$ cat structure04.cif   # mmCIF, N, CA, C and O atoms and all ligand atoms
data_run
#
loop_
_atom_site.label_atom_id
_atom_site.label_comp_id
_atom_site.auth_asym_id
_atom_site.auth_seq_id
_atom_site.Cartn_x
_atom_site.Cartn_y
_atom_site.Cartn_z
N MET A 142 39.62 63.02 -97.74
CA MET A 142 40.47 62.54 -96.64
C MET A 142 39.79 61.38 -95.93
O MET A 142 38.94 61.58 -95.05
N PRO A 143 40.11 60.14 -96.26
CA PRO A 143 39.42 58.98 -95.67
C PRO A 143 39.74 58.80 -94.19
O PRO A 143 38.90 58.34 -93.43
N THR A 144 40.93 59.15 -93.73
CA THR A 144 41.28 58.94 -92.32
C THR A 144 40.44 59.82 -91.41
O THR A 144 39.99 59.38 -90.35
N ASP A 145 40.18 61.07 -91.79
CA ASP A 145 39.33 61.96 -90.99
C ASP A 145 37.90 61.43 -90.91
O ASP A 145 37.27 61.50 -89.86
N MET A 146 37.39 60.91 -92.04
CA MET A 146 36.02 60.38 -92.06
C MET A 146 35.87 59.23 -91.07
O MET A 146 34.92 59.19 -90.29
N THR A 147 36.83 58.27 -91.08
CA THR A 147 36.71 57.14 -90.16
C THR A 147 36.82 57.60 -88.71
O THR A 147 36.15 57.06 -87.82
N PHE A 148 37.61 58.66 -88.48
CA PHE A 148 37.72 59.19 -87.11
C PHE A 148 36.38 59.74 -86.63
O PHE A 148 35.92 59.45 -85.52
N ILE A 149 35.69 60.51 -87.52
CA ILE A 149 34.39 61.08 -87.17
C ILE A 149 33.37 59.97 -86.96
O ILE A 149 32.59 59.99 -86.00
N VAL A 150 33.38 58.97 -87.85
CA VAL A 150 32.43 57.85 -87.72
C VAL A 150 32.66 57.13 -86.39
O VAL A 150 31.72 56.79 -85.67
N ARG A 151 33.94 56.92 -86.04
CA ARG A 151 34.26 56.25 -84.77
C ARG A 151 33.77 57.06 -83.59
O ARG A 151 33.20 56.54 -82.63
N MET A 152 33.98 58.39 -83.67
CA MET A 152 33.52 59.28 -82.59
C MET A 152 32.00 59.21 -82.44
O MET A 152 31.47 59.12 -81.34
N LEU A 153 31.29 59.24 -83.61
CA LEU A 153 29.83 59.19 -83.57
C LEU A 153 29.36 57.85 -82.99
O LEU A 153 28.44 57.82 -82.16
N ARG A 154 30.00 56.77 -83.40
CA ARG A 154 29.64 55.45 -82.87
C ARG A 154 29.87 55.41 -81.35
O ARG A 154 29.05 54.90 -80.60
N TYR A 155 31.01 55.99 -80.95
CA TYR A 155 31.34 56.00 -79.52
C TYR A 155 30.28 56.77 -78.74
O TYR A 155 29.75 56.29 -77.73
N LEU A 156 29.90 57.98 -79.26
CA LEU A 156 28.88 58.79 -78.59
C LEU A 156 27.54 58.04 -78.55
O LEU A 156 26.84 58.06 -77.54
N PHE A 157 27.21 57.36 -79.67
CA PHE A 157 25.96 56.61 -79.74
C PHE A 157 25.90 55.54 -78.65
O PHE A 157 24.92 55.41 -77.91
N TRP A 158 27.01 54.79 -78.52
CA TRP A 158 27.02 53.70 -77.53
C TRP A 158 27.01 54.25 -76.10
O TRP A 158 26.38 53.68 -75.21
N VAL A 159 27.70 55.42 -75.91
CA VAL A 159 27.65 56.03 -74.57
C VAL A 159 26.22 56.40 -74.21
O VAL A 159 25.75 56.14 -73.10
N LEU A 160 25.49 56.97 -75.18
CA LEU A 160 24.09 57.33 -74.94
C LEU A 160 23.25 56.09 -74.65
O LEU A 160 22.45 56.07 -73.71
N VAL A 161 23.43 55.02 -75.46
CA VAL A 161 22.65 53.79 -75.27
C VAL A 161 22.91 53.23 -73.88
O VAL A 161 21.98 52.83 -73.16
N VAL A 162 24.18 53.21 -73.47
CA VAL A 162 24.53 52.63 -72.17
C VAL A 162 23.92 53.46 -71.04
O VAL A 162 23.32 52.92 -70.10
N THR A 163 24.01 54.81 -71.13
CA THR A 163 23.45 55.65 -70.06
C THR A 163 21.94 55.49 -70.00
O THR A 163 21.36 55.42 -68.91
N TRP A 164 21.27 55.40 -71.16
CA TRP A 164 19.81 55.21 -71.17
C TRP A 164 19.44 53.89 -70.50
O TRP A 164 18.54 53.83 -69.66
N SER A 165 20.13 52.80 -70.91
CA SER A 165 19.77 51.49 -70.35
C SER A 165 20.05 51.44 -68.85
O SER A 165 19.29 50.84 -68.09
N VAL A 166 21.13 52.11 -68.41
CA VAL A 166 21.42 52.14 -66.98
C VAL A 166 20.32 52.89 -66.23
O VAL A 166 19.84 52.44 -65.19
N ARG A 167 19.87 54.03 -66.79
CA ARG A 167 18.78 54.79 -66.15
C ARG A 167 17.50 53.97 -66.11
O ARG A 167 16.80 53.94 -65.11
N LEU A 168 17.18 53.26 -67.24
CA LEU A 168 15.97 52.44 -67.28
C LEU A 168 16.05 51.32 -66.25
O LEU A 168 15.09 51.07 -65.53
N LEU A 169 17.22 50.67 -66.16
CA LEU A 169 17.39 49.60 -65.19
C LEU A 169 17.22 50.14 -63.77
O LEU A 169 16.58 49.52 -62.92
N GLY A 170 17.81 51.33 -63.52
CA GLY A 170 17.68 51.95 -62.20
C GLY A 170 16.23 52.20 -61.83
O GLY A 170 15.79 51.90 -60.72
N ARG A 171 15.44 52.71 -62.82
CA ARG A 171 14.01 52.95 -62.57
C ARG A 171 13.30 51.64 -62.27
O ARG A 171 12.48 51.55 -61.37
N LEU A 172 13.59 50.58 -63.07
CA LEU A 172 12.94 49.29 -62.88
C LEU A 172 13.25 48.73 -61.49
O LEU A 172 12.36 48.25 -60.78
N VAL A 173 14.51 48.82 -61.09
CA VAL A 173 14.91 48.31 -59.76
C VAL A 173 14.19 49.09 -58.67
O VAL A 173 13.70 48.50 -57.71
N LYS A 174 14.10 50.43 -58.85
CA LYS A 174 13.41 51.23 -57.84
C LYS A 174 11.94 50.84 -57.75
O LYS A 174 11.38 50.72 -56.67
N GLN A 175 11.29 50.64 -58.93
CA GLN A 175 9.87 50.26 -58.94
C GLN A 175 9.68 48.91 -58.26
O GLN A 175 8.78 48.73 -57.45
N MET A 176 10.55 47.93 -58.59
CA MET A 176 10.45 46.60 -57.99
C MET A 176 10.66 46.69 -56.47
O MET A 176 9.94 46.07 -55.70
N GLY A 177 11.65 47.48 -56.06
CA GLY A 177 11.93 47.63 -54.63
C GLY A 177 10.76 48.20 -53.87
O GLY A 177 10.37 47.68 -52.84
N SER A 178 10.13 49.27 -54.44
CA SER A 178 8.99 49.88 -53.75
C SER A 178 7.81 48.92 -53.72
O SER A 178 7.07 48.86 -52.75
N GLY A 179 7.62 48.13 -54.79
CA GLY A 179 6.52 47.17 -54.83
C GLY A 179 6.67 46.11 -53.76
O GLY A 179 5.70 45.75 -53.11
N VAL A 180 7.90 45.65 -53.53
CA VAL A 180 8.14 44.61 -52.53
C VAL A 180 7.91 45.17 -51.12
O VAL A 180 7.29 44.54 -50.29
N SER A 181 8.39 46.39 -50.87
CA SER A 181 8.27 46.95 -49.52
C SER A 181 6.82 47.27 -49.18
O SER A 181 6.44 47.27 -48.02
N GLN A 182 5.98 47.52 -50.21
CA GLN A 182 4.56 47.80 -49.94
C GLN A 182 3.81 46.51 -49.58
O GLN A 182 2.90 46.54 -48.77
N GLY A 183 4.18 45.38 -50.22
CA GLY A 183 3.41 44.16 -50.02
C GLY A 183 3.97 43.26 -48.94
O GLY A 183 4.50 42.21 -49.25
N GLN A 184 3.90 43.64 -47.67
CA GLN A 184 4.36 42.79 -46.57
C GLN A 184 3.29 42.74 -45.48
O GLN A 184 3.44 43.32 -44.42
N PRO A 185 2.14 42.07 -45.71
CA PRO A 185 1.05 42.09 -44.72
C PRO A 185 1.08 40.91 -43.76
O PRO A 185 0.06 40.57 -43.20
N TYR A 186 2.25 40.25 -43.58
CA TYR A 186 2.29 39.01 -42.81
C TYR A 186 2.79 39.22 -41.38
O TYR A 186 3.26 38.30 -40.75
N VAL A 187 2.69 40.45 -40.85
CA VAL A 187 3.29 40.73 -39.54
C VAL A 187 2.39 40.27 -38.40
O VAL A 187 2.85 39.62 -37.47
N ASP A 188 1.06 40.56 -38.47
CA ASP A 188 0.19 40.30 -37.30
C ASP A 188 -0.67 39.05 -37.49
O ASP A 188 -1.60 38.83 -36.75
N VAL A 189 -0.36 38.18 -38.46
CA VAL A 189 -1.17 36.98 -38.68
C VAL A 189 -0.94 35.92 -37.61
O VAL A 189 -1.90 35.39 -37.08
N PRO A 190 0.32 35.55 -37.25
CA PRO A 190 0.51 34.48 -36.28
C PRO A 190 -0.07 34.79 -34.90
O PRO A 190 -0.61 33.90 -34.25
N ASN A 191 0.01 36.04 -34.44
CA ASN A 191 -0.53 36.42 -33.14
C ASN A 191 -2.02 36.10 -33.04
O ASN A 191 -2.50 35.63 -32.04
N ASP A 192 -2.77 36.34 -34.12
CA ASP A 192 -4.21 36.11 -34.13
C ASP A 192 -4.52 34.62 -33.95
O ASP A 192 -5.40 34.26 -33.20
N ALA A 193 -3.74 33.75 -34.62
CA ALA A 193 -3.97 32.31 -34.52
C ALA A 193 -3.64 31.81 -33.12
O ALA A 193 -4.33 30.96 -32.57
N VAL A 194 -2.58 32.33 -32.49
CA VAL A 194 -2.15 31.87 -31.18
C VAL A 194 -3.12 32.34 -30.10
O VAL A 194 -3.41 31.61 -29.16
N SER A 195 -3.68 33.55 -30.24
CA SER A 195 -4.52 34.12 -29.18
C SER A 195 -5.88 33.45 -29.10
O SER A 195 -6.61 33.65 -28.14
N LYS A 196 -6.25 32.64 -30.10
CA LYS A 196 -7.54 31.95 -30.04
C LYS A 196 -7.52 30.86 -28.97
O LYS A 196 -6.46 30.35 -28.59
N LYS A 197 -8.72 30.43 -28.52
CA LYS A 197 -8.81 29.50 -27.41
C LYS A 197 -8.34 28.10 -27.79
O LYS A 197 -8.34 27.73 -28.96
N LEU A 198 -7.95 27.33 -26.78
CA LEU A 198 -7.49 25.97 -27.00
C LEU A 198 -8.68 25.02 -27.09
O LEU A 198 -9.66 25.18 -26.38
N VAL A 199 -8.59 24.06 -27.97
CA VAL A 199 -9.63 23.03 -28.11
C VAL A 199 -8.98 21.67 -27.95
O VAL A 199 -7.77 21.52 -28.14
N ARG A 200 -9.80 20.65 -27.60
CA ARG A 200 -9.24 19.32 -27.34
C ARG A 200 -9.63 18.36 -28.46
O ARG A 200 -10.80 18.27 -28.83
N ASP A 201 -8.63 17.67 -28.96
CA ASP A 201 -8.85 16.63 -29.96
C ASP A 201 -9.39 15.39 -29.24
O ASP A 201 -8.70 14.83 -28.38
N PRO A 202 -10.63 14.92 -29.53
CA PRO A 202 -11.20 13.79 -28.80
C PRO A 202 -10.55 12.45 -29.16
O PRO A 202 -10.73 11.48 -28.45
N VAL A 203 -9.80 12.38 -30.25
CA VAL A 203 -9.18 11.12 -30.69
C VAL A 203 -7.89 10.88 -29.94
O VAL A 203 -7.70 9.85 -29.30
N CYS A 204 -6.97 11.85 -29.96
CA CYS A 204 -5.67 11.65 -29.32
C CYS A 204 -5.56 12.43 -28.01
O CYS A 204 -4.59 12.27 -27.28
N GLY A 205 -6.55 13.26 -27.68
CA GLY A 205 -6.55 13.98 -26.42
C GLY A 205 -5.64 15.20 -26.39
O GLY A 205 -5.41 15.79 -25.34
N MET A 206 -5.10 15.58 -27.54
CA MET A 206 -4.18 16.71 -27.60
C MET A 206 -4.95 18.03 -27.57
O MET A 206 -6.05 18.13 -28.10
N HIS A 207 -4.35 19.03 -26.92
CA HIS A 207 -4.91 20.38 -26.93
C HIS A 207 -4.26 21.19 -28.05
O HIS A 207 -3.05 21.27 -28.11
N ILE A 208 -5.09 21.79 -28.88
CA ILE A 208 -4.59 22.58 -30.01
C ILE A 208 -5.30 23.93 -30.02
O ILE A 208 -6.43 24.05 -29.56
N SER A 209 -4.62 24.93 -30.59
CA SER A 209 -5.24 26.24 -30.79
C SER A 209 -6.35 26.12 -31.84
O SER A 209 -6.19 25.47 -32.86
N GLU A 210 -7.48 26.78 -31.54
CA GLU A 210 -8.62 26.70 -32.44
C GLU A 210 -8.26 27.19 -33.84
O GLU A 210 -8.81 26.73 -34.84
N GLY A 211 -7.32 28.15 -33.89
CA GLY A 211 -6.94 28.73 -35.18
C GLY A 211 -6.28 27.74 -36.12
O GLY A 211 -6.42 27.86 -37.33
N ILE A 212 -5.57 26.73 -35.57
CA ILE A 212 -4.86 25.78 -36.44
C ILE A 212 -5.53 24.42 -36.45
O ILE A 212 -5.12 23.54 -37.19
N ALA A 213 -6.59 24.22 -35.61
CA ALA A 213 -7.25 22.93 -35.55
C ALA A 213 -8.16 22.72 -36.76
O ALA A 213 -8.58 23.67 -37.41
N LEU A 214 -8.46 21.44 -37.05
CA LEU A 214 -9.37 21.10 -38.14
C LEU A 214 -10.78 20.97 -37.56
O LEU A 214 -11.04 20.08 -36.76
N PRO A 215 -11.73 21.84 -37.93
CA PRO A 215 -13.08 21.76 -37.39
C PRO A 215 -13.93 20.74 -38.12
O PRO A 215 -13.77 20.51 -39.32
N LEU A 216 -14.86 20.09 -37.38
CA LEU A 216 -15.80 19.15 -37.99
C LEU A 216 -17.17 19.38 -37.35
O LEU A 216 -17.31 19.28 -36.13
N LYS A 217 -18.14 19.71 -38.16
CA LYS A 217 -19.50 19.96 -37.67
C LYS A 217 -20.19 18.63 -37.36
O LYS A 217 -20.25 17.75 -38.20
N GLN A 218 -20.68 18.51 -36.13
CA GLN A 218 -21.45 17.33 -35.73
C GLN A 218 -22.75 17.83 -35.13
O GLN A 218 -22.82 18.09 -33.93
N GLY A 219 -23.78 17.98 -35.95
CA GLY A 219 -25.04 18.54 -35.49
C GLY A 219 -24.85 19.99 -35.09
O GLY A 219 -24.42 20.80 -35.91
N ASN A 220 -25.15 20.30 -33.80
CA ASN A 220 -24.98 21.67 -33.32
C ASN A 220 -23.56 21.91 -32.82
O ASN A 220 -23.18 23.05 -32.60
N ASP A 221 -22.80 20.84 -32.59
CA ASP A 221 -21.45 20.98 -32.04
C ASP A 221 -20.41 21.02 -33.16
O ASP A 221 -20.61 20.45 -34.23
N THR A 222 -19.30 21.66 -32.84
CA THR A 222 -18.14 21.61 -33.73
C THR A 222 -17.01 20.94 -32.98
O THR A 222 -16.65 21.36 -31.88
N ILE A 223 -16.47 19.87 -33.53
CA ILE A 223 -15.37 19.14 -32.92
C ILE A 223 -14.10 19.52 -33.67
O ILE A 223 -14.11 19.68 -34.89
N TYR A 224 -13.02 19.67 -32.87
CA TYR A 224 -11.74 20.08 -33.48
C TYR A 224 -10.73 18.95 -33.37
O TYR A 224 -10.68 18.24 -32.37
N PHE A 225 -9.92 18.82 -34.43
CA PHE A 225 -8.90 17.78 -34.48
C PHE A 225 -7.54 18.40 -34.77
O PHE A 225 -7.45 19.44 -35.43
N CYS A 226 -6.48 17.70 -34.28
CA CYS A 226 -5.12 18.20 -34.49
C CYS A 226 -4.69 17.97 -35.92
O CYS A 226 -3.86 18.70 -36.46
N SER A 227 -5.23 16.92 -36.57
CA SER A 227 -4.80 16.59 -37.93
C SER A 227 -5.93 15.89 -38.66
O SER A 227 -6.89 15.41 -38.04
N ALA A 228 -5.78 15.78 -39.97
CA ALA A 228 -6.76 15.06 -40.80
C ALA A 228 -6.80 13.58 -40.42
O ALA A 228 -7.83 12.93 -40.53
N GLU A 229 -5.64 13.06 -39.95
CA GLU A 229 -5.55 11.66 -39.53
C GLU A 229 -6.53 11.39 -38.39
O GLU A 229 -7.30 10.43 -38.41
N CYS A 230 -6.51 12.27 -37.36
CA CYS A 230 -7.40 12.11 -36.21
C CYS A 230 -8.86 12.28 -36.63
O CYS A 230 -9.74 11.58 -36.15
N ARG A 231 -9.10 13.22 -37.53
CA ARG A 231 -10.47 13.45 -37.99
C ARG A 231 -10.99 12.20 -38.70
O ARG A 231 -12.13 11.79 -38.51
N ASP A 232 -10.15 11.59 -39.54
CA ASP A 232 -10.56 10.38 -40.26
C ASP A 232 -10.81 9.23 -39.29
O ASP A 232 -11.77 8.47 -39.45
N LYS A 233 -9.94 9.12 -38.25
CA LYS A 233 -10.14 8.07 -37.23
C LYS A 233 -11.50 8.26 -36.56
O LYS A 233 -12.25 7.31 -36.37
N PHE A 234 -11.81 9.52 -36.19
CA PHE A 234 -13.07 9.82 -35.53
C PHE A 234 -14.24 9.46 -36.45
O PHE A 234 -15.22 8.84 -36.03
N LEU A 235 -14.15 9.84 -37.72
CA LEU A 235 -15.22 9.55 -38.68
C LEU A 235 -15.38 8.04 -38.88
O LEU A 235 -16.49 7.53 -38.94
N ASP A 236 -14.27 7.31 -38.95
CA ASP A 236 -14.33 5.85 -39.09
C ASP A 236 -14.99 5.22 -37.88
O ASP A 236 -15.85 4.34 -38.00
N GLY A 237 -14.61 5.68 -36.68
CA GLY A 237 -15.20 5.18 -35.44
C GLY A 237 -16.70 5.43 -35.41
O GLY A 237 -17.49 4.55 -35.05
N GLY A 238 -17.12 6.62 -35.83
CA GLY A 238 -18.55 6.97 -35.87
C GLY A 238 -19.31 6.05 -36.81
O GLY A 238 -20.40 5.59 -36.47
N LYS A 239 -18.70 5.74 -37.93
CA LYS A 239 -19.36 4.86 -38.91
C LYS A 239 -19.53 3.46 -38.34
O LYS A 239 -20.56 2.83 -38.48
N LYS A 240 -18.46 2.95 -37.63
CA LYS A 240 -18.49 1.61 -37.06
C LYS A 240 -19.58 1.52 -36.00
O LYS A 240 -20.34 0.55 -35.95
N ILE A 241 -19.65 2.58 -35.14
CA ILE A 241 -20.66 2.59 -34.08
C ILE A 241 -22.05 2.61 -34.72
O ILE A 241 -22.96 1.88 -34.32
N ALA A 242 -22.21 3.44 -35.76
CA ALA A 242 -23.51 3.53 -36.43
C ALA A 242 -23.88 2.20 -37.07
O ALA A 242 -25.03 1.79 -37.07
N ALA A 243 -22.87 1.50 -37.63
CA ALA A 243 -23.13 0.23 -38.29
C ALA A 243 -23.52 -0.84 -37.28
O ALA A 243 -24.39 -1.66 -37.54
N ASN A 244 -22.87 -0.82 -36.08
CA ASN A 244 -23.17 -1.81 -35.03
C ASN A 244 -24.55 -1.59 -34.46
O ASN A 244 -25.23 -2.55 -34.11
N ALA A 245 -24.98 -0.31 -34.36
CA ALA A 245 -26.25 -0.01 -33.72
C ALA A 245 -27.46 -0.19 -34.64
O ALA A 245 -27.44 -0.92 -35.55
ZN ZN B 301 -5.11 14.27 -32.74
#
$ encode --input "structure04.cif" --output "structure tokens"
Amino acid sequence: MPTDMTFIVRMLRYLFWVLVVTWSVRLLGRLVKQMGSGVSQGQPYVDVPNDAVSKKLVRDPVCGMHISEGIALPLKQGNDTIYFCSAECRDKFLDGGKKIAANA
């Protein structure tokens, strides 16, 4: 009876695909859960900005601007540390120092 055989084969194929689909859905669900838990664990950026803001203010000697020590660019000058608002101001200061040294 060929018609019965094709019916059984179709049923088996249908069951096979149902199993494959349920397995892949379960696997995807597990992967999504793992990714979700991994993301929620790795969020250490909550108390970083407060620390930078709470540091003392320093003065940029080139432009006279007051900046938080946490975000300023430090430059060691002997025993002193000079702070700048930007690399531009630091370069200006270094250029000025070189000119003064060259004149003297
Ligand atoms: Zn500046």
$ residues_near_ligand --input "structure04.cif" --ligand "ligand ZN 301 (chain B)" --cutoff "8 Å" --atoms "all atoms listed in the file" --output "PyMOL selection string"
chain A and resi 200-207+224-231
$ residues_around --input "structure04.cif" --residues "Glu210 of chain A" --least-positions-apart "3" --cutoff "5 Å" --atoms "only N, CA, C and O atoms" --output "ChimeraX atom specification"
/A:196-199,213
$ write_last_selection --input "structure04.cif" --atoms "N, CA, C and O atoms" --output "compact mmCIF listing (two decimals), keeping the file's coordinate frame"
# COMPACT_ATOMS: atom_id res chain seq x y z
N LYS A 196 -6.25 32.64 -30.10
CA LYS A 196 -7.54 31.95 -30.04
C LYS A 196 -7.52 30.86 -28.97
O LYS A 196 -6.46 30.35 -28.59
N LYS A 197 -8.72 30.43 -28.52
CA LYS A 197 -8.81 29.50 -27.41
C LYS A 197 -8.34 28.10 -27.79
O LYS A 197 -8.34 27.73 -28.96
N LEU A 198 -7.95 27.33 -26.78
CA LEU A 198 -7.49 25.97 -27.00
C LEU A 198 -8.68 25.02 -27.09
O LEU A 198 -9.66 25.18 -26.38
N VAL A 199 -8.59 24.06 -27.97
CA VAL A 199 -9.63 23.03 -28.11
C VAL A 199 -8.98 21.67 -27.95
O VAL A 199 -7.77 21.52 -28.14
N ALA A 213 -6.59 24.22 -35.61
CA ALA A 213 -7.25 22.93 -35.55
C ALA A 213 -8.16 22.72 -36.76
O ALA A 213 -8.58 23.67 -37.41
$ atom_distance --input "structure04.cif" --atom1 "atom CA of Asp145 of chain A" --atom2 "atom CA of Leu160 of chain A"
22.6 Å
$ atom_distance --input "structure04.cif" --atom1 "atom O of Thr163 of chain A" --atom2 "atom CA of Thr147 of chain A"
26.3 Å
$ atom_distance --input "structure04.cif" --atom1 "atom O of Asp232 of chain A" --atom2 "atom C of Leu214 of chain A"
12.7 Å
$ closest_residue --input "structure04.cif" --among "A:Met146, A:Val162, A:Met176, A:Leu235" --to "Lys217 of chain A" --atoms "only C-alpha atoms"
A:Leu235
$ select_by_dssp --input "structure04.cif" --residues "segment 147-233 of chain A" --states "strand (DSSP E or B)" --output "list of chain:residue names"
A:Leu198, A:Val199, A:Arg200, A:His207, A:Ile208, A:Ser209, A:Leu214, A:Pro215, A:Leu216, A:Lys217, A:Gln218, A:Asp221, A:Thr222, A:Ile223, A:Tyr224, A:Phe225
